[in-house]
Amino acid sequence: MSFQPSPKKSNPSPKPKRRASGWSDFWVKNTTSSKPLNQVIFTMQLPPLSSKDPDNPKAQAFFSNFSKIDRTLLLPDEVLLNVLARLPDLQRLCNFLVCKRWLNLQGRLVRSLKVLDWGFIESGRLIVRFPNLTHVDLSRSCVVSPRNSGILLHRGSISMHLNTGFSPIYRILEENLLSVEVVDRGLKMLANGCPNLCKLVVVGASELGLLSVAEECLTLQELELHKCNDNVLRGIAGCKNLQILKLVGSVDGFYASWVTDIGLTILAQGCRRLVRLELSGCEGSFDGIKAIGQCCQMLEELTLCDHRMDGGWLAGLSYCENLKTLRFQSCRTIDSSPGPDEFLGLCPALERLHLQKCHLRDKNSARALFMVCHAVRDIFVQDCWGLDNDIFSLASSCRRVKYLSLEGCSLVTTEGLEPVIFSWKELQSLRVISCKSIKDNEVSPALSTLFSVLKELKWRPDTKSLLAASLAGSGMGRRGGKFFKRT
């Protein structure tokens with residue numbers, strides 16, 4: 001009988017100790033899983049905590065290290081930008097205080113900016129800090145003014161501090177504007193750094209500076225030029241996609257610059273896609289307005305502010321066949337010499353006429369205006385000087401009026417308002433505010449009947465009578481009243 005010793009059992013090799021899982025293990029586990037990640041999820045394993053030992057040193061060490069970790073570092077810039085963009089505006093403004101990364105990301109979300117210091121542009125910090133700007137306003141940074149002065153002068157979009165020794169008859173901005181070379185150099189840097197620019201406001205630029213903007217910023221759609229002249233307008237001829245343009249020539253007390261028919265013709269031939277045009281303090285005549293009407297076929301809104309046009313320019317509006325809105329603001333006259341009626345023509349597509357703070361004392365000028373605006377539907381008149389019953393009666397030639405707004409017209413009476421309103425058979429809305437010569441007790445029964453069929457009526461002609469009615473029975477408004485009784 002043979003005996004074979006039993007084979008010795010080999011000792012199994014000891015199992016390797018598993019190291020504690022870290023942040024990298026959880027991140028790799030999640031990113032390599034078969035399930036797609038629709039969003040970033042932070043996974044965390046907490047160490048086992050015993051209820052009998054709340055002061056576990058491992059737990060304390062874990063939470064102390066956990067509080068020092070910036071978990072947003074795991075997010076790519078695109079995801080974090082999407083999160084920051086969805087925050088409310090009030091909370092978004094202070095996000096740049098968190099860290100340098102958030103500072104840079106917050107700058108990429110800014111689209112509109114008003115620059116107050118020109119050195120911010122020349123140093124290159126504007127491009128680095130805000131690389132995705134689409135709307136830039138440089139009007140205030142183009143003016144050099146003392147910061148320690150307590151006198152602040154403001155007009156439109158331009159604000160500046162003044163010294164106590166300035167002369168009231170001197171053009172204040174002539175000596176306080178940046179030089180043309182400095183402005184052009186800044187515009188070139190801005191155009192190279194912000195090629196997606198859509199809106200620009202600048203003062204005192206030249207042809208070369210605007211050419212650099214036109215070449216680099218192909219998406220530029222809105223432009224506002226202060227202290228503009230004919231030579232400057234050669235530069236914007238390259239802005240083929242320009243749709244909204246505001247030209248400011250001369251501003252009384254600030255600066256003097258001239259835009260004439262030459263500049264208007266250059267503008268018309270270069271910017272044929274204009275939809276909205278505003279001419280402030282500009283000269284010109286019939287030829288310039290005619291060129292704009294013939295070349296800018298898409299023009300729908302024209303605004304003239306404090307214009308210095310020659311007599312007879314009003315007839316050029318008839319060439320603006322698609323014009324829908326016509327505005328006059330702070331104009332000392334509409335047309336000093338409108339010429340014969342047969343040469344005036346009319347704007348067939350005109351729908352809205354705005355007259356704000358204009359002088360309407362000239363009867364021939366007002367009659368020519370209403371003849372050109374024969375097809376107008378809405379008329380807005382606000383704070384116009386010289387508009388009495390005779391001038392207002394000329395508006396009855398506009399037979400298609402559906403909306404009338406009168407505000408601050410103190411010379412128009414109820415007797416002058418009534419026949420004009422009855423001549424408009426399609427009138428649907430009426431708004432009369434602060435016209436002190438129009439009295440409630442002078443409204444006729446026929447006019448009251450007309451008010452009852454209107455779709456919209458806002459009738460507050462006399463603010464004094466309205467105040468007296470609201471204070472009736474309160475004891476206020478009388479001498480002493482019940483508050484100052486003699487004892």
# chains A, B, ... in the order shown; residues from 1 in each chain; ligands from 1
>>> residues_around(residues="stretch 261-273 of chain A", least_positions_apart="4", cutoff="7 Å", atoms="only C-alpha atoms", output="list of chain:residue names")
A:Asp230, A:Leu233, A:Arg234, A:Ala237, A:Gly238, A:Cys239, A:Lys240, A:Asn241, A:Leu242, A:Gln243, A:Gly284, A:Ser285, A:Asp287, A:Gly288, A:Ala291, A:Ile292, A:Cys295, A:Cys296, A:Met298
>>> residues_around(residues="A:Phe380", least_positions_apart="2", cutoff="8 Å", atoms="only C-alpha atoms", output="ChimeraX atom specification")
/A:352-356,378,382,404-406
>>> write_last_selection(atoms="N, CA, C and O atoms", output="JSON list (two decimals), in the first residue's frame")
[["chain", "number", "residue", "atom", "x", "y", "z"],
["A", 352, "ARG", "N", -47.05, 109.11, -39.56],
["A", 352, "ARG", "CA", -46.92, 109.83, -38.29],
["A", 352, "ARG", "C", -46.16, 111.13, -38.49],
["A", 352, "ARG", "O", -45.11, 111.15, -39.15],
["A", 353, "LEU", "N", -46.68, 112.21, -37.89],
["A", 353, "LEU", "CA", -46.04, 113.52, -37.91],
["A", 353, "LEU", "C", -45.87, 114.00, -36.47],
["A", 353, "LEU", "O", -46.85, 114.11, -35.73],
["A", 354, "HIS", "N", -44.61, 114.28, -36.07],
["A", 354, "HIS", "CA", -44.30, 114.74, -34.72],
["A", 354, "HIS", "C", -43.75, 116.15, -34.79],
["A", 354, "HIS", "O", -42.80, 116.43, -35.54],
["A", 355, "LEU", "N", -44.32, 117.04, -33.99],
["A", 355, "LEU", "CA", -43.85, 118.42, -33.86],
["A", 355, "LEU", "C", -43.62, 118.68, -32.38],
["A", 355, "LEU", "O", -44.57, 118.72, -31.59],
["A", 356, "GLN", "N", -42.35, 118.87, -32.00],
["A", 356, "GLN", "CA", -42.00, 119.03, -30.59],
["A", 356, "GLN", "C", -41.10, 120.24, -30.41],
["A", 356, "GLN", "O", -40.03, 120.34, -31.00],
["A", 378, "ASP", "N", -51.39, 109.90, -37.94],
["A", 378, "ASP", "CA", -51.24, 110.30, -36.54],
["A", 378, "ASP", "C", -50.48, 111.62, -36.48],
["A", 378, "ASP", "O", -49.43, 111.77, -37.12],
["A", 382, "GLN", "N", -46.46, 118.93, -29.47],
["A", 382, "GLN", "CA", -46.09, 119.10, -28.06],
["A", 382, "GLN", "C", -45.26, 120.37, -27.89],
["A", 382, "GLN", "O", -44.22, 120.53, -28.53],
["A", 404, "LEU", "N", -54.90, 112.18, -32.78],
["A", 404, "LEU", "CA", -54.42, 113.54, -32.53],
["A", 404, "LEU", "C", -53.99, 113.65, -31.08],
["A", 404, "LEU", "O", -54.73, 113.25, -30.17],
["A", 405, "SER", "N", -52.80, 114.21, -30.87],
["A", 405, "SER", "CA", -52.29, 114.45, -29.54],
["A", 405, "SER", "C", -51.83, 115.90, -29.45],
["A", 405, "SER", "O", -50.94, 116.32, -30.19],
["A", 406, "LEU", "N", -52.46, 116.67, -28.57],
["A", 406, "LEU", "CA", -52.10, 118.06, -28.31],
["A", 406, "LEU", "C", -51.65, 118.17, -26.86],
["A", 406, "LEU", "O", -52.40, 117.82, -25.94]]
>>> atom_distance(atom1="atom CA of A:Ile236", atom2="atom CA of A:Phe286")
22.2 Å
>>> closest_residue(among="A:Cys142, A:Leu133, A:Leu153, A:Phe120", to="A:Leu220", atoms="only C-alpha atoms")
A:Leu133
>>> atom_distance(atom1="atom CA of A:Glu224", atom2="atom CA of A:Leu190")
15.6 Å
>>> select_by_dssp(residues="stretch 327-474 of chain A", states="strand (DSSP E or B)", output="ChimeraX atom specification")
/A:327-329,352-356,359,378-382,385,403-407,429-433,456-460
>>> residues_around(residues="A:Phe343", least_positions_apart="6", cutoff="12 Å", atoms="only C-alpha atoms", output="ChimeraX atom specification")
/A:286,312-319,368,371-372
>>> write_last_selection(atoms="C-alpha atoms", output="mmCIF file, in the first residue's frame")
data_model
loop_
_atom_site.group_PDB
_atom_site.id
_atom_site.type_symbol
_atom_site.label_atom_id
_atom_site.label_comp_id
_atom_site.auth_asym_id
_atom_site.auth_seq_id
_atom_site.Cartn_x
_atom_site.Cartn_y
_atom_site.Cartn_z
ATOM 1 C CA PHE A 286 -33.756 120.673 -51.673
ATOM 2 C CA GLY A 312 -37.576 125.263 -50.423
ATOM 3 C CA TRP A 313 -36.118 122.091 -48.918
ATOM 4 C CA LEU A 314 -39.562 120.816 -47.908
ATOM 5 C CA ALA A 315 -40.359 119.861 -51.514
ATOM 6 C CA GLY A 316 -37.558 117.284 -51.396
ATOM 7 C CA LEU A 317 -39.580 115.126 -48.988
ATOM 8 C CA SER A 318 -41.820 114.018 -51.844
ATOM 9 C CA TYR A 319 -38.926 111.859 -53.122
ATOM 10 C CA ALA A 368 -46.770 123.760 -46.836
ATOM 11 C CA MET A 371 -49.792 119.785 -47.668
ATOM 12 C CA VAL A 372 -46.716 117.546 -47.883
#
>>> decode(residues="stretch 401-423 of chain A", atoms="N, CA, C and O atoms", output="mmCIF file, in the first residue's frame")
data_model
loop_
_atom_site.group_PDB
_atom_site.id
_atom_site.type_symbol
_atom_site.label_atom_id
_atom_site.label_comp_id
_atom_site.auth_asym_id
_atom_site.auth_seq_id
_atom_site.Cartn_x
_atom_site.Cartn_y
_atom_site.Cartn_z
ATOM 1 N N VAL A 401 -56.636 111.626 -40.843
ATOM 2 C CA VAL A 401 -56.121 111.577 -39.486
ATOM 3 C C VAL A 401 -57.002 110.685 -38.612
ATOM 4 O O VAL A 401 -58.221 110.835 -38.589
ATOM 5 N N LYS A 402 -56.362 109.765 -37.886
ATOM 6 C CA LYS A 402 -57.053 108.884 -36.952
ATOM 7 C C LYS A 402 -56.673 109.150 -35.493
ATOM 8 O O LYS A 402 -57.394 108.722 -34.590
ATOM 9 N N TYR A 403 -55.536 109.823 -35.291
ATOM 10 C CA TYR A 403 -55.069 110.054 -33.919
ATOM 11 C C TYR A 403 -54.513 111.465 -33.822
ATOM 12 O O TYR A 403 -53.733 111.902 -34.669
ATOM 13 N N LEU A 404 -54.904 112.181 -32.781
ATOM 14 C CA LEU A 404 -54.417 113.535 -32.535
ATOM 15 C C LEU A 404 -53.995 113.646 -31.085
ATOM 16 O O LEU A 404 -54.733 113.251 -30.174
ATOM 17 N N SER A 405 -52.797 114.210 -30.874
ATOM 18 C CA SER A 405 -52.293 114.452 -29.536
ATOM 19 C C SER A 405 -51.833 115.900 -29.450
ATOM 20 O O SER A 405 -50.935 116.324 -30.185
ATOM 21 N N LEU A 406 -52.463 116.670 -28.568
ATOM 22 C CA LEU A 406 -52.101 118.060 -28.306
ATOM 23 C C LEU A 406 -51.652 118.167 -26.860
ATOM 24 O O LEU A 406 -52.399 117.818 -25.942
ATOM 25 N N GLU A 407 -50.439 118.704 -26.660
ATOM 26 C CA GLU A 407 -49.909 118.839 -25.307
ATOM 27 C C GLU A 407 -49.122 120.146 -25.209
ATOM 28 O O GLU A 407 -48.214 120.397 -25.998
ATOM 29 N N GLY A 408 -49.499 120.950 -24.245
ATOM 30 C CA GLY A 408 -48.789 122.201 -24.018
ATOM 31 C C GLY A 408 -49.023 123.252 -25.080
ATOM 32 O O GLY A 408 -48.186 124.144 -25.247
ATOM 33 N N CYS A 409 -50.144 123.186 -25.798
ATOM 34 C CA CYS A 409 -50.479 124.179 -26.837
ATOM 35 C C CYS A 409 -51.455 125.185 -26.222
ATOM 36 O O CYS A 409 -52.680 124.990 -26.273
ATOM 37 N N SER A 410 -50.928 126.251 -25.659
ATOM 38 C CA SER A 410 -51.745 127.158 -24.847
ATOM 39 C C SER A 410 -52.572 128.136 -25.678
ATOM 40 O O SER A 410 -53.476 128.791 -25.141
ATOM 41 N N LEU A 411 -52.293 128.278 -26.983
ATOM 42 C CA LEU A 411 -53.007 129.249 -27.797
ATOM 43 C C LEU A 411 -54.209 128.657 -28.529
ATOM 44 O O LEU A 411 -55.027 129.385 -29.073
ATOM 45 N N VAL A 412 -54.310 127.350 -28.571
ATOM 46 C CA VAL A 412 -55.441 126.699 -29.232
ATOM 47 C C VAL A 412 -56.632 126.685 -28.282
ATOM 48 O O VAL A 412 -56.518 126.250 -27.128
ATOM 49 N N THR A 413 -57.769 127.150 -28.751
ATOM 50 C CA THR A 413 -58.969 127.200 -27.933
ATOM 51 C C THR A 413 -59.945 126.111 -28.359
ATOM 52 O O THR A 413 -59.745 125.410 -29.355
ATOM 53 N N THR A 414 -61.009 126.004 -27.597
ATOM 54 C CA THR A 414 -62.057 125.032 -27.950
ATOM 55 C C THR A 414 -62.711 125.402 -29.271
ATOM 56 O O THR A 414 -63.070 124.515 -30.077
ATOM 57 N N GLU A 415 -62.868 126.672 -29.522
ATOM 58 C CA GLU A 415 -63.455 127.127 -30.789
ATOM 59 C C GLU A 415 -62.583 126.760 -31.979
ATOM 60 O O GLU A 415 -63.093 126.442 -33.063
ATOM 61 N N GLY A 416 -61.259 126.763 -31.815
ATOM 62 C CA GLY A 416 -60.382 126.386 -32.908
ATOM 63 C C GLY A 416 -60.202 124.889 -33.039
ATOM 64 O O GLY A 416 -59.913 124.384 -34.132
ATOM 65 N N LEU A 417 -60.372 124.149 -31.953
ATOM 66 C CA LEU A 417 -60.204 122.691 -31.999
ATOM 67 C C LEU A 417 -61.394 121.994 -32.637
ATOM 68 O O LEU A 417 -61.229 121.030 -33.396
ATOM 69 N N GLU A 418 -62.587 122.474 -32.360
ATOM 70 C CA GLU A 418 -63.801 121.762 -32.778
ATOM 71 C C GLU A 418 -63.935 121.612 -34.295
ATOM 72 O O GLU A 418 -64.180 120.484 -34.766
ATOM 73 N N PRO A 419 -63.790 122.651 -35.117
ATOM 74 C CA PRO A 419 -63.971 122.450 -36.566
ATOM 75 C C PRO A 419 -62.915 121.528 -37.188
ATOM 76 O O PRO A 419 -63.223 120.805 -38.143
ATOM 77 N N VAL A 420 -61.724 121.542 -36.656
ATOM 78 C CA VAL A 420 -60.688 120.657 -37.198
ATOM 79 C C VAL A 420 -61.020 119.205 -36.903
ATOM 80 O O VAL A 420 -60.890 118.328 -37.763
ATOM 81 N N ILE A 421 -61.499 118.946 -35.704
ATOM 82 C CA ILE A 421 -61.844 117.566 -35.337
ATOM 83 C C ILE A 421 -63.016 117.064 -36.169
ATOM 84 O O ILE A 421 -63.030 115.909 -36.627
ATOM 85 N N PHE A 422 -64.000 117.913 -36.405
ATOM 86 C CA PHE A 422 -65.149 117.479 -37.201
ATOM 87 C C PHE A 422 -64.785 117.248 -38.662
ATOM 88 O O PHE A 422 -65.478 116.492 -39.364
ATOM 89 N N SER A 423 -63.719 117.874 -39.137
ATOM 90 C CA SER A 423 -63.312 117.655 -40.529
ATOM 91 C C SER A 423 -62.623 116.312 -40.733
ATOM 92 O O SER A 423 -62.510 115.846 -41.859
#
